[in-house]
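Chemist: I am attaching a structure below and will ask some questions about it afterwards.
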Amino acid sequence: MIISQRSELTFKHNRNIGRHGWLRLTPAYSVKVVESLLTNVQSKARVLDPFSGTGTTTLCAAMHGHDALSLDINPFLVWFGRAKIYNYTSIDVEEALFCSKMIIDIARKQSVEKQCFIPELHNIERWWDHNHLESLSFIRSALAAVCTKGSPVSDLLDIAFCRTLIQLSNVAFNHQSMSFKQKTGEMSLFSTLDDDCRVFSENVTQVLGSIDPQPKGTANVILADSRCITKQLSSPFDIIITSPPYPNRMSYIRELRPYMYWLDYLRKSREAGELDWQAIGGTWGIATSRLSEWEPEPDSFVPEVLRVLLQQISACDGKSGHILSRYVAKYFQDIWQHIASVGQVLSKGAQVHYIVGNSKFYDILVPVEEIYAEMLKETGFHDVQIIPLRKRNSKKELVEFDVKAIW
């Protein structure tokens with residue numbers, strides 16, 4: 001099953017589209033790319049996605065009859081991926097519908113008793129006005145009281161709650177990253193609570209109605225660090241289709257905060273910064289401050305084109321250029337650690353497809369696709385090709401590529 005709602009922070013580009021009902025939280029373009037690559041796989045294969053994100057590759061591969069595994073370092077995305085691929089029964093659906101009605105009844109009673117849970121998200125009333133915040137807290141507290149955390153029913157209702165979170169928020173998605181809408185006048189608590197409970201109920205109905213039968217193949221999502229891939233995996237894979245974070249300073253942890261705080265994956269702001277530091281490509285909070293002290297490992301492979309670019313970026317805009325240069329260097333060191341180890345879990349002749357986009361810093365174009373290609377060659381891959389896929393936005397220089405190779 002999957003969420004069929006444009007309710008994303010990090011999933012800002014998603015639409016309620018896709019050939020399968022499973023794929024409605026996945027950008028149609030991403031689904032198209034993955035499915036086109038899988039179409040060329042003639043026999044049943046073991047498919048790996050080391051950067052799971054919203055689970056596009058794993059879900060598409062399983063729908064095509066392959067056995068798929070994806071990894072992610074973010075526990076929220078691991079939960080979300082597993083919730084998408086779970087084979088829910090009719091009993092799960094009936095129980096979730098029954099529990100949702102109980103949750104609404106309890107939430108209305110809590111509004112009188114003023115018992116509620118509000119996460120410690122910094123400046124939380126920027127995200128939700130006071131009345132929406134209170135009604136969300138009543139619904140969340142009721143959900144926790146009614147459902148056993150980690151159960152299929154809880155997962156379904158948590159997904160509906162995540163949709164409700166963003167639907168009622170002050171967040172807009174008219175930019176690469178999220179932004180905040182101008183607040184409107186406040187309504188009375190009781191009319192807001194009734195309206196918000198109705199939104200939650202509608203989301204439950206839509207989530208339950210989007211459940212599809214189990215795919216032909218198998219699928220799983222595990223919590224793992226893709227930089228040390230051999231520690232978690234052993235059996236050989238036949239194909240990798242993945243889209244790592246792009247080196248554009250976008251923090252996926254920052255974008256996912258509302259979900260992660262409300263669902264108790266984060267409790268303190270420092271935890272968000274720590275997770276961002278562990279992730280590839282993120283730089284926000286603690287992660288940014290640590291860049292000033294970070295030093296590259298001496299044995300990391302650095303293509304000549306990257307060495308030149310790092311010097312150019314560092315020379316721009318004083319201290320900021322120095323920090324950005326370190327960010328780019330750390331990003332590619334992390335990617336190198338991943339690529340250097342990935343061959344150990346591939347079968348002979350395995351294909352890899354890295355869907356990546358290039359970047360610009362101070363008008364300096366970083367040819368991400370060329371650096372990936374050099375790293376693949378350095379580790380022993382052959383038939384390395386760079387295939388342009390599409391322009392990413394109005395800037396003609398920014399393009400998405402498929403960097404493909406054979407092991």
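Labels used: A, B, ... for chains in the order of the structure tokens, numbers from 1 for residues in each chain, and numbers from 1 for ligands as shown.
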Select from region 84-328 of chain A everything DSSP, run on the backbone, classes as alpha helix (DSSP H), then give the selection as a PyMOL selection string.

Modeler: chain A and resi 84-85+90-113+130-146+152-167+189-209+252-262+269-278+286-291+304-314+318-328

Chemist: Find the residues near Asp363 (chain A): any atom within 12 Å, counting only C-alpha atoms, skip ones fewer than 3 places away on the same chain, and give them as a tab-separated table (two decimals) with N, CA and C atoms, in the first residue's frame.

Modeler:
```
chain	number	residue	atom	x	y	z
A	309	LEU	N	38.01	21.51	-8.59
A	309	LEU	CA	36.76	22.14	-8.17
A	309	LEU	C	36.77	22.52	-6.70
A	312	GLN	N	38.61	25.69	-6.32
A	312	GLN	CA	37.84	26.83	-6.84
A	312	GLN	C	36.73	27.24	-5.89
A	313	ILE	N	36.00	26.26	-5.34
A	313	ILE	CA	34.91	26.57	-4.41
A	313	ILE	C	35.46	27.18	-3.14
A	316	CYS	N	36.07	30.93	-3.07
A	316	CYS	CA	34.92	31.82	-3.23
A	316	CYS	C	34.35	32.26	-1.88
A	317	ASP	N	34.00	33.52	-1.79
A	317	ASP	CA	33.20	34.04	-0.67
A	317	ASP	C	33.77	33.72	0.70
A	321	GLY	N	32.96	29.79	1.37
A	321	GLY	CA	33.53	28.96	0.33
A	321	GLY	C	34.33	27.81	0.90
A	359	SER	N	25.54	19.77	-9.80
A	359	SER	CA	25.26	20.85	-8.86
A	359	SER	C	26.08	22.09	-9.23
A	360	LYS	N	25.68	23.22	-8.67
A	360	LYS	CA	26.43	24.45	-8.85
A	360	LYS	C	26.68	25.10	-7.49
A	366	VAL	N	29.60	21.56	-10.74
A	366	VAL	CA	30.22	20.33	-10.26
A	366	VAL	C	29.68	19.17	-11.09
A	395	LYS	N	17.29	26.07	-14.87
A	395	LYS	CA	18.71	26.27	-15.16
A	395	LYS	C	19.17	25.16	-16.11
A	397	GLU	N	21.92	24.19	-17.09
A	397	GLU	CA	23.12	23.41	-16.75
A	397	GLU	C	22.82	22.23	-15.83
A	398	LEU	N	21.70	22.29	-15.11
A	398	LEU	CA	21.40	21.26	-14.11
A	398	LEU	C	20.61	20.13	-14.76
```

Chemist: Where in region 50-111 of chain A does DSSP assign strand (DSSP E), given as a PyMOL selection string?

Modeler: chain A and resi 67-72

Chemist: Counting only C-alpha atoms, give me one row per residue of region 202-297 of chain A with an atom at most 12 Å from an atom of region 370-373 of chain A, showing the shortest contact pair and its distance in Å to one decimal, sorted by chain then residue number, as JSON lines.

Modeler:
```
{"residue": "A:Pro244", "atom": "CA", "partner": "A:Tyr372", "partner_atom": "CA", "distance": 11.0}
{"residue": "A:Tyr246", "atom": "CA", "partner": "A:Tyr372", "partner_atom": "CA", "distance": 11.6}
{"residue": "A:Pro247", "atom": "CA", "partner": "A:Ile371", "partner_atom": "CA", "distance": 11.8}
```

Chemist: Tell me which protein, DNA and RNA residues are within 12 Å of Ala315 (chain A), counting only C-alpha atoms, leaving out same-chain ones fewer than 5 positions away, and put them as an NGL selection string.

Modeler: :A and (308-310 or 320-326 or 361-362 or 364)

Chemist: Pick out the residues sitting within 12 Å of Ile229 (chain A), and hand them over as a VMD selection string; count only C-alpha atoms, and ignore anything fewer than 4 positions along from it in its own chain.

Modeler: chain A and resid 48 to 51 70 to 73 222 to 225 233 to 236 334 to 346

Chemist: Just write the chosen residues, N, CA and C atoms, as a PDB file, in the first residue's frame.

Modeler:
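Printed below is out-v4.pdb as written:
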```
ATOM      1  N   LEU A  48      19.076  -4.343  -5.637  1.00  0.00           N
ATOM      2  CA  LEU A  48      19.504  -3.612  -4.442  1.00  0.00           C
ATOM      3  C   LEU A  48      19.389  -2.114  -4.672  1.00  0.00           C
ATOM      4  N   ASP A  49      18.857  -1.417  -3.669  1.00  0.00           N
ATOM      5  CA  ASP A  49      18.861   0.046  -3.642  1.00  0.00           C
ATOM      6  C   ASP A  49      19.537   0.483  -2.350  1.00  0.00           C
ATOM      7  N   PRO A  50      20.798   0.925  -2.401  1.00  0.00           N
ATOM      8  CA  PRO A  50      21.514   1.306  -1.178  1.00  0.00           C
ATOM      9  C   PRO A  50      21.048   2.624  -0.569  1.00  0.00           C
ATOM     10  N   PHE A  51      20.266   3.396  -1.308  1.00  0.00           N
ATOM     11  CA  PHE A  51      19.753   4.678  -0.805  1.00  0.00           C
ATOM     12  C   PHE A  51      18.234   4.660  -0.996  1.00  0.00           C
ATOM     13  N   SER A  70      16.351  -2.780   0.034  1.00  0.00           N
ATOM     14  CA  SER A  70      16.859  -1.417   0.075  1.00  0.00           C
ATOM     15  C   SER A  70      17.367  -1.081   1.468  1.00  0.00           C
ATOM     16  N   LEU A  71      18.286  -0.126   1.514  1.00  0.00           N
ATOM     17  CA  LEU A  71      18.906   0.303   2.760  1.00  0.00           C
ATOM     18  C   LEU A  71      18.647   1.782   2.970  1.00  0.00           C
ATOM     19  N   ASP A  72      18.538   2.169   4.217  1.00  0.00           N
ATOM     20  CA  ASP A  72      18.507   3.590   4.535  1.00  0.00           C
ATOM     21  C   ASP A  72      19.024   3.800   5.943  1.00  0.00           C
ATOM     22  N   ILE A  73      19.661   4.927   6.145  1.00  0.00           N
ATOM     23  CA  ILE A  73      20.226   5.242   7.460  1.00  0.00           C
ATOM     24  C   ILE A  73      19.228   5.951   8.361  1.00  0.00           C
ATOM     25  N   ILE A 222      15.968  -2.328   5.185  1.00  0.00           N
ATOM     26  CA  ILE A 222      16.695  -2.484   6.435  1.00  0.00           C
ATOM     27  C   ILE A 222      17.434  -1.200   6.788  1.00  0.00           C
ATOM     28  N   LEU A 223      17.652  -1.023   8.086  1.00  0.00           N
ATOM     29  CA  LEU A 223      18.417   0.122   8.586  1.00  0.00           C
ATOM     30  C   LEU A 223      19.903  -0.181   8.421  1.00  0.00           C
ATOM     31  N   ALA A 224      20.594   0.601   7.612  1.00  0.00           N
ATOM     32  CA  ALA A 224      21.999   0.322   7.332  1.00  0.00           C
ATOM     33  C   ALA A 224      22.673   1.568   6.772  1.00  0.00           C
ATOM     34  N   ASP A 225      23.997   1.596   6.887  1.00  0.00           N
ATOM     35  CA  ASP A 225      24.815   2.670   6.356  1.00  0.00           C
ATOM     36  C   ASP A 225      25.422   2.190   5.040  1.00  0.00           C
ATOM     37  N   LEU A 233      25.374  -6.897   4.235  1.00  0.00           N
ATOM     38  CA  LEU A 233      24.936  -7.743   3.131  1.00  0.00           C
ATOM     39  C   LEU A 233      25.991  -8.784   2.792  1.00  0.00           C
ATOM     40  N   SER A 234      25.520  -9.904   2.269  1.00  0.00           N
ATOM     41  CA  SER A 234      26.453 -10.948   1.862  1.00  0.00           C
ATOM     42  C   SER A 234      26.083 -11.547   0.507  1.00  0.00           C
ATOM     43  N   SER A 235      24.828 -11.939   0.327  1.00  0.00           N
ATOM     44  CA  SER A 235      24.415 -12.588  -0.913  1.00  0.00           C
ATOM     45  C   SER A 235      24.594 -11.645  -2.103  1.00  0.00           C
ATOM     46  N   PRO A 236      25.005 -12.167  -3.260  1.00  0.00           N
ATOM     47  CA  PRO A 236      25.259 -11.303  -4.420  1.00  0.00           C
ATOM     48  C   PRO A 236      23.976 -10.767  -5.041  1.00  0.00           C
ATOM     49  N   ASP A 334      32.238  10.157   1.155  1.00  0.00           N
ATOM     50  CA  ASP A 334      31.205   9.203   1.557  1.00  0.00           C
ATOM     51  C   ASP A 334      30.783   8.314   0.381  1.00  0.00           C
ATOM     52  N   ILE A 335      30.602   8.934  -0.780  1.00  0.00           N
ATOM     53  CA  ILE A 335      30.210   8.173  -1.966  1.00  0.00           C
ATOM     54  C   ILE A 335      31.328   7.214  -2.369  1.00  0.00           C
ATOM     55  N   TRP A 336      32.569   7.660  -2.251  1.00  0.00           N
ATOM     56  CA  TRP A 336      33.689   6.776  -2.582  1.00  0.00           C
ATOM     57  C   TRP A 336      33.703   5.549  -1.669  1.00  0.00           C
ATOM     58  N   GLN A 337      33.478   5.751  -0.392  1.00  0.00           N
ATOM     59  CA  GLN A 337      33.448   4.618   0.533  1.00  0.00           C
ATOM     60  C   GLN A 337      32.374   3.618   0.126  1.00  0.00           C
ATOM     61  N   HIS A 338      31.243   4.134  -0.310  1.00  0.00           N
ATOM     62  CA  HIS A 338      30.167   3.246  -0.773  1.00  0.00           C
ATOM     63  C   HIS A 338      30.582   2.488  -2.035  1.00  0.00           C
ATOM     64  N   ILE A 339      31.025   3.222  -3.060  1.00  0.00           N
ATOM     65  CA  ILE A 339      31.356   2.596  -4.337  1.00  0.00           C
ATOM     66  C   ILE A 339      32.516   1.617  -4.197  1.00  0.00           C
ATOM     67  N   ALA A 340      33.477   1.943  -3.339  1.00  0.00           N
ATOM     68  CA  ALA A 340      34.644   1.078  -3.165  1.00  0.00           C
ATOM     69  C   ALA A 340      34.277  -0.280  -2.584  1.00  0.00           C
ATOM     70  N   SER A 341      33.159  -0.354  -1.874  1.00  0.00           N
ATOM     71  CA  SER A 341      32.779  -1.608  -1.231  1.00  0.00           C
ATOM     72  C   SER A 341      31.646  -2.339  -1.935  1.00  0.00           C
ATOM     73  N   VAL A 342      30.933  -1.670  -2.826  1.00  0.00           N
ATOM     74  CA  VAL A 342      29.702  -2.235  -3.353  1.00  0.00           C
ATOM     75  C   VAL A 342      29.955  -3.458  -4.239  1.00  0.00           C
ATOM     76  N   GLY A 343      31.107  -3.500  -4.902  1.00  0.00           N
ATOM     77  CA  GLY A 343      31.399  -4.637  -5.760  1.00  0.00           C
ATOM     78  C   GLY A 343      31.429  -5.966  -5.021  1.00  0.00           C
ATOM     79  N   GLN A 344      31.697  -5.919  -3.725  1.00  0.00           N
ATOM     80  CA  GLN A 344      31.786  -7.145  -2.936  1.00  0.00           C
ATOM     81  C   GLN A 344      30.432  -7.822  -2.728  1.00  0.00           C
ATOM     82  N   VAL A 345      29.342  -7.121  -3.032  1.00  0.00           N
ATOM     83  CA  VAL A 345      28.023  -7.733  -2.869  1.00  0.00           C
ATOM     84  C   VAL A 345      27.315  -7.897  -4.210  1.00  0.00           C
ATOM     85  N   LEU A 346      28.087  -7.819  -5.314  1.00  0.00           N
ATOM     86  CA  LEU A 346      27.513  -7.945  -6.645  1.00  0.00           C
ATOM     87  C   LEU A 346      27.936  -9.256  -7.299  1.00  0.00           C
TER      88      LEU A 346
END
```

Chemist: I want to know what sits within 8 Å of Cys197 (chain A), based on only C-alpha atoms, with residues of the same chain fewer than 2 positions away left out; could you give that as a list in words?

Modeler: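 Contacts, with the query itself left out: Ile104, Ser135, Ile139, Leu193, Asp194, Asp195, Val199, Phe200 and Ser201 of chain A.
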
Chemist: Might you pull out every residue within 12 Å of Glu94 (chain A), with only C-alpha atoms counted and same-chain residues fewer than 3 positions away left off, and present them as a PyMOL selection string?

Modeler: chain A and resi 88-91+97-101+152-153+156-157+204-205+208-209

Chemist: Using only C-alpha atoms, which of the listed residues (A:Glu202, A:Asp155, A:Asp276, A:Glu293) sits closest to Arg249 (chain A)?

Modeler: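 So, comparing all the options, the nearest one is A:Asp276.
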
Chemist: I need the residue nearest Thr148 (chain A) from this list: A:Gly55, A:Leu136, A:Ala96, A:Arg126. Use only C-alpha atoms for the distance.

Modeler: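 Once distances to Thr148 (chain A) are computed over only C-alpha atoms, the minimum belongs to A:Ala96.
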
Chemist: Report the distance between CA of Val93 (chain A) and CA of Phe161 (chain A) in Å, rounded to one decimal place.

Modeler: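 Computing the Euclidean distance for CA of Val93 (chain A) and CA of Phe161 (chain A) yields 15.5 Å.
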
Chemist: Which residue gives the smallest distance to Asp92 (chain A) among A:Asn131, A:Thr54, A:Ser151, A:Gln232, with only C-alpha atoms counted?

Modeler: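 For Asp92 (chain A), the nearest of the given residues is A:Ser151.
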
Chemist: Please determine, counting only C-alpha atoms, which residue among A:Gln311, A:Trp294, A:Leu37, A:Phe237 has the shortest atom-to-atom distance to Lys404 (chain A).

Modeler: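 Looking at the shortest contact to Lys404 (chain A), the residue is A:Leu37.
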
Chemist: Any idea what the distance is between CA of Gln385 (chain A) and CA of Val403 (chain A)?

Modeler: 5.8 Å

Chemist: I'd like the contact shell of Ile85 (chain A) - 7 Å cut-off, only C-alpha atoms, skipping same-chain residues fewer than 3 positions apart - returned as a list in words.

Modeler: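 Contacts, in chain order: Met1, Leu59, Gly81, Arg82 and Ala219 of chain A.
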
Chemist: Could you tell me how far CA of Val368 (chain A) sits from CA of Cys228 (chain A), in Å to one decimal place?

Modeler: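 Atom-to-atom, CA of Cys228 (chain A) and CA of Val368 (chain A) are spaced 21.2 Å apart.
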
Chemist: Between A:Ala405, A:Val384, A:Cys162, A:Leu389, which one has atoms that come closest to Ile241 (chain A), using only C-alpha atoms?

Modeler: A:Ala405
